[in-house]
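Structure below is data_23.cif: mmCIF, C-alpha atoms and all ligand atoms.
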```cif
data_upload
#
loop_
_atom_site.label_atom_id
_atom_site.label_comp_id
_atom_site.auth_asym_id
_atom_site.auth_seq_id
_atom_site.Cartn_x
_atom_site.Cartn_y
_atom_site.Cartn_z
CA MET B 227 71.63 108.58 110.79
CA GLN B 228 68.03 108.40 112.04
CA LYS B 229 67.41 108.41 115.81
CA ASN B 230 65.61 105.07 115.72
CA GLY B 231 66.38 102.33 113.25
CA ILE B 232 63.87 101.17 110.67
CA SER B 233 62.41 97.66 110.46
CA GLU B 234 64.29 94.91 108.71
CA GLU B 235 61.44 94.55 106.24
CA GLU B 236 61.40 98.24 105.36
CA LEU B 237 65.18 98.29 105.07
CA PHE B 238 65.37 95.31 102.76
CA SER B 239 62.57 96.49 100.53
CA PHE B 240 64.61 99.70 100.08
CA LEU B 241 67.75 97.66 99.39
CA SER B 242 66.01 95.50 96.83
CA LEU B 243 64.76 98.60 95.02
CA LYS B 244 68.37 99.78 94.84
CA LYS B 245 69.54 96.33 93.76
CA ASP B 246 67.08 96.51 90.85
CA GLU B 247 68.89 99.66 89.67
CA ASP B 248 72.10 97.61 89.37
CA SER B 249 72.86 95.62 86.28
CA ASN B 250 72.61 91.87 86.76
CA TYR B 251 75.39 91.19 84.21
CA HIS B 252 72.89 89.69 81.76
CA HIS B 253 73.50 92.12 78.89
CA VAL B 254 76.90 93.32 80.10
CA LEU B 255 79.69 92.88 77.55
CA SER B 256 81.84 95.68 78.99
CA SER B 257 83.06 94.19 82.25
CA MET B 258 86.15 92.25 83.30
CA CYS B 259 84.31 91.12 86.42
CA THR B 260 81.61 88.48 86.40
CA ILE B 261 79.05 86.72 88.56
CA PRO B 262 81.08 84.91 91.23
CA HIS B 263 81.11 81.14 91.03
CA PRO B 264 78.59 79.59 93.51
CA ILE B 265 81.53 77.89 95.23
CA ALA B 266 83.12 81.32 95.73
CA VAL B 267 79.96 82.68 97.31
CA ARG B 268 79.66 79.73 99.69
CA ALA B 269 83.33 79.94 100.72
CA HIS B 270 83.14 83.73 101.16
CA GLN B 271 80.10 83.44 103.42
CA MET B 272 81.91 80.89 105.57
CA PHE B 273 84.82 83.31 106.14
CA VAL B 274 82.86 86.56 106.03
CA GLU B 275 84.37 88.00 109.24
CA ALA B 276 87.98 86.95 108.57
CA ASN B 277 90.48 89.84 108.48
CA LEU B 278 93.83 89.05 106.90
CA GLY B 279 95.15 92.31 108.34
CA ASP B 280 95.60 90.48 111.65
CA PRO B 281 96.62 87.01 110.53
CA GLY B 282 97.40 85.77 114.05
CA LEU B 283 93.66 85.89 114.77
CA PHE B 284 92.77 84.11 111.54
CA VAL B 285 95.43 81.46 111.25
CA GLY B 286 93.35 79.20 109.00
CA THR B 287 92.47 82.01 106.60
CA ALA B 288 96.10 83.15 106.49
CA SER B 289 97.21 79.63 105.59
CA ILE B 290 94.65 79.57 102.78
CA GLU B 291 96.13 82.82 101.47
CA GLU B 292 99.51 81.06 101.40
CA LEU B 293 97.97 78.12 99.55
CA LEU B 294 96.41 80.48 97.00
CA ILE B 295 99.82 82.07 96.35
CA GLU B 296 101.43 78.65 96.13
CA ARG B 297 98.82 77.49 93.59
CA LEU B 298 99.28 80.64 91.48
CA GLY B 299 103.08 80.40 91.73
CA THR B 300 102.95 76.81 90.54
CA LEU B 301 100.62 77.76 87.70
CA PHE B 302 103.22 80.41 86.74
CA HIS B 303 106.13 77.92 86.86
CA HIS B 304 107.60 79.13 90.16
CA PRO B 305 106.11 77.43 93.23
CA GLU B 306 108.55 79.31 95.50
CA ALA B 307 107.31 82.74 94.41
CA GLY B 308 106.48 85.17 97.20
CA GLY B 309 103.11 86.86 97.18
CA TYR B 310 100.00 88.09 98.90
CA ALA B 311 96.38 88.74 98.05
CA THR B 312 95.73 92.38 97.14
CA SER B 313 92.53 94.32 96.58
CA GLY B 314 93.04 94.03 92.81
CA GLY B 315 95.29 94.91 89.91
CA THR B 316 95.67 98.54 90.94
CA GLU B 317 97.20 97.63 94.30
CA SER B 318 99.35 94.85 92.79
CA ASN B 319 100.79 97.19 90.17
CA LEU B 320 101.43 99.92 92.74
CA GLN B 321 103.16 97.55 95.15
CA ALA B 322 105.34 96.03 92.42
CA LEU B 323 106.56 99.49 91.36
CA ARG B 324 107.11 100.40 95.00
CA ILE B 325 109.39 97.39 95.48
CA PHE B 326 111.45 98.11 92.35
CA ALA B 327 111.72 101.85 93.03
CA LYS B 328 113.07 101.11 96.52
CA MET B 329 115.42 98.50 95.11
CA LYS B 330 116.80 101.02 92.63
CA GLY B 331 117.21 103.78 95.17
CA SER B 332 117.73 106.35 92.40
CA ARG B 333 116.80 110.01 93.02
CA ARG B 334 114.71 110.33 89.87
CA PRO B 335 113.58 106.80 88.99
CA ASN B 336 111.52 106.10 85.88
CA VAL B 337 109.23 103.28 84.82
CA VAL B 338 108.79 102.21 81.20
CA VAL B 339 105.25 101.06 80.37
CA PRO B 340 103.53 100.23 77.09
CA GLU B 341 101.11 102.82 75.74
CA SER B 342 98.37 100.23 76.28
CA ALA B 343 98.99 99.98 80.04
CA HIS B 344 96.03 100.18 82.40
CA PHE B 345 95.47 103.58 84.03
CA SER B 346 96.46 102.10 87.40
CA PHE B 347 100.11 102.73 86.40
CA GLU B 348 99.37 106.43 86.10
CA LYS B 349 98.03 106.38 89.67
CA ALA B 350 100.99 104.34 90.92
CA CYS B 351 103.57 106.66 89.30
CA ASP B 352 101.79 109.70 90.70
CA ILE B 353 101.71 108.30 94.23
CA LEU B 354 105.31 107.06 94.09
CA SER B 355 106.65 110.14 92.25
CA LEU B 356 108.00 108.02 89.40
CA GLU B 357 108.48 109.32 85.89
CA MET B 358 106.29 107.24 83.56
CA ARG B 359 107.71 106.70 80.07
CA THR B 360 105.52 105.08 77.46
CA VAL B 361 106.44 102.80 74.60
CA PRO B 362 104.19 103.14 71.53
CA SER B 363 102.17 100.14 70.41
CA ASP B 364 102.67 98.47 67.03
CA GLU B 365 99.82 98.08 64.52
CA THR B 366 98.50 95.07 66.48
CA PHE B 367 98.30 97.18 69.68
CA ARG B 368 101.19 95.23 71.26
CA MET B 369 104.23 96.91 72.78
CA GLY B 370 106.70 97.95 70.06
CA VAL B 371 109.91 96.29 71.26
CA ASP B 372 112.20 98.46 69.11
CA ALA B 373 111.33 101.61 71.01
CA LEU B 374 111.71 99.95 74.40
CA GLN B 375 115.47 100.13 74.56
CA GLU B 376 115.47 103.85 73.67
CA ARG B 377 113.21 104.60 76.63
CA MET B 378 115.38 102.77 79.19
CA ASP B 379 118.32 104.43 80.95
CA GLU B 380 120.33 104.13 84.17
CA ASN B 381 117.39 105.47 86.20
CA THR B 382 114.89 102.88 84.94
CA CYS B 383 113.74 100.92 87.98
CA CYS B 384 111.20 98.73 86.19
CA VAL B 385 109.75 97.83 82.81
CA VAL B 386 106.12 96.77 82.54
CA ALA B 387 104.57 94.40 79.98
CA ILE B 388 100.90 93.47 79.74
CA ALA B 389 99.71 89.87 79.51
CA GLY B 390 96.29 90.65 78.18
CA THR B 391 95.60 94.33 77.58
CA THR B 392 92.45 95.78 79.05
CA GLU B 393 91.32 97.32 75.78
CA TYR B 394 92.26 94.80 73.06
CA GLY B 395 93.00 91.51 74.87
CA VAL B 396 96.41 91.15 73.23
CA ILE B 397 99.60 89.97 74.93
CA ASP B 398 102.79 92.01 74.65
CA PRO B 399 105.84 90.17 73.21
CA ILE B 400 106.90 89.28 76.74
CA LYS B 401 109.64 86.83 75.78
CA ALA B 402 111.42 89.45 73.66
CA VAL B 403 110.86 92.14 76.29
CA SER B 404 112.16 89.87 79.06
CA GLU B 405 115.37 89.19 77.15
CA ILE B 406 116.03 92.91 76.81
CA THR B 407 115.30 93.67 80.47
CA HIS B 408 117.24 90.64 81.68
CA ASP B 409 120.33 91.70 79.71
CA ALA B 410 120.01 95.22 81.09
CA GLY B 411 119.50 93.97 84.66
CA VAL B 412 116.17 95.81 84.96
CA PRO B 413 113.19 94.14 86.71
CA LEU B 414 110.21 93.27 84.51
CA HIS B 415 106.72 93.44 85.99
CA VAL B 416 104.03 91.56 84.06
CA ASP B 417 100.50 92.89 84.45
CA ALA B 418 98.47 89.71 84.01
CA ALA B 419 95.56 91.06 86.07
CA PHE B 420 93.19 89.82 83.38
CA GLY B 421 95.23 87.28 81.39
CA GLY B 422 96.91 85.45 84.26
CA LEU B 423 93.91 83.18 84.70
CA VAL B 424 93.38 82.74 80.96
CA ILE B 425 96.79 82.20 79.34
CA PRO B 426 97.81 79.07 81.35
CA PHE B 427 94.65 77.37 80.05
CA LEU B 428 95.14 78.21 76.37
CA ASP B 429 96.46 75.79 73.81
CA PRO B 430 99.21 76.50 72.91
CA GLU B 431 100.24 78.45 75.99
CA ILE B 432 101.93 81.81 75.31
CA PRO B 433 105.11 82.48 77.38
CA PHE B 434 104.49 85.26 79.92
CA ASP B 435 105.43 84.03 83.38
CA PHE B 436 108.34 83.10 85.68
CA ALA B 437 109.45 80.43 83.17
CA LEU B 438 111.07 83.43 81.45
CA PRO B 439 114.15 84.29 83.53
CA GLY B 440 113.63 88.04 83.02
CA VAL B 441 110.18 88.12 84.63
CA SER B 442 110.44 89.55 88.17
CA SER B 443 106.82 89.94 89.28
CA ILE B 444 103.29 89.20 88.12
CA ALA B 445 99.91 90.74 88.97
CA VAL B 446 96.92 88.40 88.56
CA ASP B 447 93.34 89.01 89.71
CA PRO B 448 91.09 86.15 90.81
CA HIS B 449 88.20 88.67 90.87
CA LYS B 450 88.36 88.84 87.08
CA MET B 451 88.66 85.48 85.27
CA GLY B 452 89.11 83.60 88.57
CA MET B 453 85.37 84.07 89.30
CA SER B 454 86.02 84.90 92.97
CA THR B 455 84.06 87.43 94.97
CA ILE B 456 85.37 91.02 95.01
CA PRO B 457 88.01 92.09 96.15
CA CYS B 458 90.74 89.61 95.34
CA GLY B 459 93.84 90.37 93.32
CA SER B 460 97.34 89.07 93.91
CA LEU B 461 100.95 90.07 93.47
CA LEU B 462 103.64 87.42 92.99
CA VAL B 463 107.37 88.14 93.03
CA ARG B 464 110.29 85.92 92.05
CA GLU B 465 112.15 86.49 95.36
CA PRO B 466 109.94 86.41 98.49
CA SER B 467 112.53 88.50 100.37
CA TRP B 468 111.74 91.51 98.13
CA PHE B 469 108.61 92.11 100.19
CA GLY B 470 110.99 92.93 103.06
CA LEU B 471 111.57 96.29 101.31
CA LEU B 472 107.94 97.20 102.06
CA ASN B 473 107.78 96.02 105.66
CA VAL B 474 106.65 98.39 108.37
CA GLU B 475 106.58 97.61 112.10
CA THR B 476 103.14 96.73 113.47
CA PRO B 477 103.79 96.67 117.21
CA TYR B 478 100.28 95.95 118.51
CA LEU B 479 99.18 93.29 115.97
CA THR B 480 99.59 89.53 116.22
CA VAL B 481 102.37 89.82 113.63
CA LYS B 482 105.18 92.34 114.00
CA GLN B 483 105.62 93.42 110.39
CA GLU B 484 103.38 94.08 107.42
CA CYS B 485 104.25 94.56 103.74
CA THR B 486 100.72 94.93 102.38
CA LEU B 487 99.22 98.26 101.31
CA ALA B 488 95.83 97.71 102.92
CA GLY B 489 95.65 97.05 106.64
CA THR B 490 92.31 95.35 107.10
CA ARG B 491 91.88 92.84 104.25
CA SER B 492 88.97 90.63 103.19
CA GLY B 493 89.59 87.01 104.14
CA GLY B 494 86.31 85.90 102.57
CA ALA B 495 87.24 86.97 99.05
CA VAL B 496 90.67 85.32 99.32
CA VAL B 497 89.20 82.02 100.49
CA SER B 498 86.64 82.29 97.67
CA ALA B 499 89.46 82.62 95.11
CA PHE B 500 91.27 79.59 96.47
CA ALA B 501 88.02 77.59 96.61
CA VAL B 502 87.22 78.17 92.91
CA LEU B 503 90.68 77.05 91.76
CA GLU B 504 90.56 73.94 93.98
CA TYR B 505 87.03 73.06 92.93
CA LEU B 506 87.53 73.49 89.19
CA GLY B 507 91.14 72.30 88.93
CA MET B 508 93.14 72.66 85.71
CA ASN B 509 90.51 70.88 83.62
CA GLY B 510 87.61 72.92 84.99
CA MET B 511 89.45 76.20 84.36
CA LYS B 512 90.40 75.01 80.88
CA ALA B 513 86.75 74.33 80.11
CA VAL B 514 85.71 77.82 81.28
CA VAL B 515 88.47 79.50 79.26
CA GLU B 516 87.80 77.40 76.16
CA GLY B 517 84.12 78.39 76.35
CA CYS B 518 84.99 82.10 76.62
CA MET B 519 87.46 81.86 73.70
CA LYS B 520 84.93 80.02 71.54
CA ASN B 521 82.33 82.70 72.26
CA THR B 522 84.89 85.38 71.36
CA ARG B 523 85.53 83.75 67.97
CA ARG B 524 81.78 83.38 67.38
CA LEU B 525 81.11 87.06 68.13
CA ILE B 526 83.93 88.16 65.81
CA GLU B 527 82.68 85.91 63.02
CA GLY B 528 79.08 87.08 63.54
CA MET B 529 79.99 90.78 63.61
CA GLU B 530 82.12 90.43 60.49
CA THR B 531 79.23 88.88 58.55
CA TYR B 532 77.39 92.15 59.26
CA GLY B 533 80.40 94.09 57.98
CA TYR B 534 81.79 95.23 61.35
CA ARG B 535 85.48 94.41 61.09
CA ARG B 536 87.56 93.30 64.05
CA ALA B 537 90.08 95.90 65.23
CA VAL B 538 92.59 93.13 65.86
CA THR B 539 92.60 89.35 66.35
CA PRO B 540 92.85 89.05 70.15
CA ASP B 541 94.88 86.53 72.15
CA LEU B 542 92.28 86.51 74.91
CA ASN B 543 88.51 86.80 75.32
CA VAL B 544 88.20 90.47 74.38
CA ALA B 545 86.74 91.40 70.98
CA THR B 546 86.95 94.87 69.46
CA PHE B 547 85.30 96.23 66.34
CA GLU B 548 85.19 99.07 63.88
CA ALA B 549 81.63 100.00 64.72
CA GLY B 550 79.91 103.22 65.75
CA THR B 551 77.90 103.94 68.89
CA GLY B 552 74.70 103.60 66.86
CA THR B 553 75.46 99.90 66.35
CA VAL B 554 74.68 98.88 69.92
CA PRO B 555 71.14 97.59 70.50
CA PRO B 556 69.27 99.24 73.40
CA GLY B 557 69.87 97.74 76.84
CA TRP B 558 73.27 96.30 76.02
CA ARG B 559 76.49 97.48 77.68
CA VAL B 560 79.66 97.61 75.65
CA SER B 561 82.62 99.95 76.10
CA TRP B 562 84.82 102.04 73.81
CA THR B 563 88.58 102.04 73.55
CA ARG B 564 90.73 105.20 73.48
CA ARG B 565 91.04 104.65 69.72
CA GLY B 566 87.26 104.56 69.33
CA HIS B 567 86.72 100.82 68.82
CA MET B 568 83.73 99.00 70.24
CA ARG B 569 85.01 96.70 73.00
CA THR B 570 83.41 93.55 74.39
CA VAL B 571 84.68 91.05 76.97
CA MET B 572 83.45 87.49 76.84
CA MET B 573 83.40 86.76 80.57
CA PRO B 574 81.85 83.50 81.86
CA HIS B 575 78.43 85.21 82.23
CA VAL B 576 78.47 85.99 78.49
CA THR B 577 77.23 82.62 77.30
CA ARG B 578 76.71 81.44 73.74
CA ASP B 579 72.99 82.25 74.08
CA VAL B 580 73.84 85.80 75.11
CA ILE B 581 76.13 86.19 72.10
CA GLU B 582 73.45 84.89 69.73
CA GLU B 583 70.89 87.26 71.26
CA PHE B 584 73.29 90.19 70.83
CA LEU B 585 74.04 89.27 67.21
CA ARG B 586 70.35 88.82 66.42
CA GLU B 587 69.55 92.28 67.79
CA ILE B 588 72.47 93.84 65.91
CA GLY B 589 71.10 92.22 62.75
CA GLU B 590 67.64 93.64 63.42
CA MET B 591 69.10 97.14 63.94
CA ASP B 592 70.85 96.80 60.59
CA ALA B 593 67.70 95.75 58.73
N1 LIG R 601 95.56 95.75 84.92
C1 LIG R 601 94.77 95.38 83.91
C2 LIG R 601 95.38 94.75 82.68
C3 LIG R 601 93.39 95.55 84.00
O1 LIG R 601 92.60 95.20 82.98
C4 LIG R 601 92.84 96.14 85.19
C5 LIG R 601 91.37 96.40 85.34
C6 LIG R 601 93.73 96.50 86.22
C7 LIG R 601 95.08 96.29 86.04
C8 LIG R 601 93.24 97.10 87.50
O2 LIG R 601 92.53 96.16 88.25
P1 LIG R 601 91.53 96.57 89.41
O3 LIG R 601 90.41 97.32 88.77
O4 LIG R 601 91.13 95.24 89.98
O5 LIG R 601 92.29 97.38 90.39
N2 LIG R 601 90.59 96.29 84.19
C9 LIG R 601 89.19 96.58 84.12
C10 LIG R 601 89.01 97.89 83.37
O6 LIG R 601 89.58 98.93 83.76
C11 LIG R 601 88.51 96.69 85.44
C12 LIG R 601 87.03 96.67 85.31
C13 LIG R 601 86.30 95.59 85.73
C14 LIG R 601 86.31 97.75 84.78
C15 LIG R 601 84.93 95.56 85.63
C16 LIG R 601 84.94 97.73 84.65
C17 LIG R 601 84.25 96.63 85.08
O7 LIG R 601 82.87 96.59 84.96
O8 LIG R 601 88.32 97.88 82.36
#
```

Could I get this file's structure written as structure tokens?
Amino acid sequence: MQKNGISEEELFSFLSLKKDEDSNYHHVLSSMCTIPHPIAVRAHQMFVEANLGDPGLFVGTASIEELLIERLGTLFHHPEAGGYATSGGTESNLQALRIFAKMKGSRRPNVVVPESAHFSFEKACDILSLEMRTVPSDETFRMGVDALQERMDENTCCVVAIAGTTEYGVIDPIKAVSEITHDAGVPLHVDAAFGGLVIPFLDPEIPFDFALPGVSSIAVDPHKMGMSTIPCGSLLVREPSWFGLLNVETPYLTVKQECTLAGTRSGGAVVSAFAVLEYLGMNGMKAVVEGCMKNTRRLIEGMETYGYRRAVTPDLNVATFEAGTGTVPPGWRVSWTRRGHMRTVMMPHVTRDVIEEFLREIGEMDA
């Protein structure tokens, strides 16, 4: 740190230079985050100092967190679900596994995840010393249900299914998986970090949530398709009392116990997530999701006219292609799957105009 501070003007001209080095999302097709909704920004600013780590000091913010969980629980057909706002999918997945490992109490517990699972499960299993068993995907990159049963045994504390895979935007056969896990008495955690705020607005809706009796917990991130500010994820569980397994004593806080992973937690981002859902309502969210899905279909159709075949027909707004790195026009950001497919995510900032611009430039590269 310098002995004397610099002027506000000097500081902010430095910051704006740095800001210019950041991408502004305009040509970004690789991200599952997006520009926050203006309502989210306004709500976040209003609650910028609120710390959910000490809810007795921020009673209003804490009650908004409860409302957010209640809204998400209702959306997922279980208004009585327990839950809290996490820092994102990584924390939600970790905390879900932590609950089910404690519940099992086995000396060498294992978790069965699809091959397509997000790398946050690798982190969670490492931290919690859980054996991670993977189930191979079928030819549509969805979890192969046949192999699931073979991977499960008496030490399996949890099975994971993905409602919207990070790489291909497909939904695992969650109904079939939930029947298997329910019969076996094994908890099923659904990672809907991305898809949880897409699937309920699709027509027809695909079963993935608490309406299936075998589903025990769900991760869903407002900071992805919920257009909140960062960081806001959430973890919902069928039985609120399960969080009791995670409680630690917090003697000098305004509350005496805490089940969250983080201590200090952003109130602003949580209020922003709630604000967007309230402001848009079911119909507003449906319109956003329909737009993203329409743009996904348009990109697939456009790419296929150039001869770049889709890797799979997605359930959600992720499009993947058999195309090489040389296909991408300069200045555009796409990503690549582990299998080498070009991957794009049609987030709300990827408008129809952006898609047309991308396709036009791909066409010019081809020519
Ligand atoms: N589960 C699923 C299905 C996910 O897709 C992700 C993140 C997570 C869990 C973990 O969530 P957090 O990152 O909130 O902890 N998926 C994106 C990915 O890995 C995250 C992302 C977002 C990456 C924006 C890049 C980016 O620009 O691709």

Can you write out as a Markdown table which residues of chain B fall within 8 Å of ligand LIG 601 (chain R), alongside each residue's closest atom pair and its distance in Å to one decimal, counting only C-alpha atoms and all ligand atoms and ordering rows by chain and ascending residue number?
```
| residue | atom | partner | partner_atom | distance |
| --- | --- | --- | --- | --- |
| B:Ser256 | CA | R:LIG601 | O7 | 6.1 |
| B:Ser257 | CA | R:LIG601 | O7 | 3.6 |
| B:Met258 | CA | R:LIG601 | C13 | 4.1 |
| B:Cys259 | CA | R:LIG601 | C15 | 4.6 |
| B:Thr260 | CA | R:LIG601 | C15 | 7.9 |
| B:Ser313 | CA | R:LIG601 | O4 | 6.8 |
| B:Gly314 | CA | R:LIG601 | O4 | 3.6 |
| B:Gly315 | CA | R:LIG601 | O2 | 3.5 |
| B:Thr316 | CA | R:LIG601 | O5 | 3.6 |
| B:Glu317 | CA | R:LIG601 | O5 | 6.3 |
| B:Ser318 | CA | R:LIG601 | O5 | 7.9 |
| B:Asn319 | CA | R:LIG601 | C7 | 7.1 |
| B:Ala343 | CA | R:LIG601 | C2 | 6.9 |
| B:His344 | CA | R:LIG601 | N1 | 5.1 |
| B:Phe345 | CA | R:LIG601 | O6 | 7.5 |
| B:Ser346 | CA | R:LIG601 | C8 | 5.9 |
| B:Ile388 | CA | R:LIG601 | C2 | 6.4 |
| B:Ala389 | CA | R:LIG601 | C2 | 7.3 |
| B:Gly390 | CA | R:LIG601 | C2 | 6.2 |
| B:Thr391 | CA | R:LIG601 | C2 | 5.1 |
| B:Thr392 | CA | R:LIG601 | O1 | 4.0 |
| B:Glu393 | CA | R:LIG601 | O8 | 7.3 |
| B:Asp417 | CA | R:LIG601 | N1 | 5.7 |
| B:Ala418 | CA | R:LIG601 | C2 | 6.1 |
| B:Ala419 | CA | R:LIG601 | N1 | 4.8 |
| B:Phe420 | CA | R:LIG601 | O1 | 5.4 |
| B:Gly421 | CA | R:LIG601 | C2 | 7.6 |
| B:Ala445 | CA | R:LIG601 | N1 | 7.8 |
| B:Asp447 | CA | R:LIG601 | O4 | 6.6 |
| B:His449 | CA | R:LIG601 | O4 | 7.2 |
| B:Lys450 | CA | R:LIG601 | C13 | 7.2 |
| B:Pro457 | CA | R:LIG601 | O4 | 7.6 |
| B:Cys458 | CA | R:LIG601 | O4 | 7.8 |
| B:Gly459 | CA | R:LIG601 | O4 | 6.5 |
```

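For the residues B:Asp398, B:Glu236, B:Asp409, B:Glu291, ranking by smallest atom-to-atom distance to Val339 in chain B using only C-alpha atoms places B:Asp398 first.
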
Please indicate the distance in Å from CA of Ala495 in chain B to CA of Gly422 in chain B, rounded to one decimal place. 17.7 Å

CA of Pro439 in chain B and CA of Asp379 in chain B, how far apart in Å?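 So the two atoms, CA of Asp379 in chain B and CA of Pro439 in chain B, lie 20.7 Å apart.
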
Give me the residues near Leu423 in chain B as a ChimeraX atom specification, where near means some atom within 10 Å (using only C-alpha atoms) and where sequence neighbours in that chain fewer than 2 positions away do not count. /B:298,301-302,418-421,425-428,446-448,450-453,503,511-512,515

Hey, which of B:Thr539, B:Arg297, B:His252, B:Val371 ends up closest to Gly557 in chain B? Count only C-alpha atoms.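 Using only C-alpha atoms, the shortest distance to Gly557 in chain B belongs to B:His252.
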
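With distances taken over all atoms listed in the file, B:Asn277 is the one residue among B:Asn277, B:Ser239, B:Ser404, B:Thr551 lying closest to Arg491 in chain B.
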
May I ask for the distance between CA of Val481 in chain B and CA of Leu283 in chain B, given in Å to one decimal place?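 That distance, rounded to one decimal, is 9.6 Å.
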
B:Pro556, B:Pro413, B:Gly440, B:Pro466 ranked by distance to Gly309 in chain B, top pick (using all atoms listed in the file):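 Under the stated criterion, the closest residue is B:Pro466.
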
Selected residue of minimal separation from His304 in chain B among B:Ala269, B:Leu323, B:Val463, B:Val571, counting only C-alpha atoms: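 Among the listed residues, the smallest separation from His304 in chain B belongs to B:Val463.
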
Identify which of the residues B:Pro305, B:Pro574, B:Gly533, B:Gly286 lies closest to Pro262 in chain B, counting only C-alpha atoms when measuring atom-to-atom distances. B:Pro574

Applying 9 Å and all atoms listed in the file, which residues near Arg464 in chain B remain after dropping the ones on its own chain fewer than 5 positions away? List them as a list of chain:residue names.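 Using all atoms listed in the file, the neighbours found are B:His304, B:Glu306, B:Ala307, B:Gly308, B:Gly309, B:Phe436, B:Val441, B:Ser442, B:Ser443, B:Ile444.
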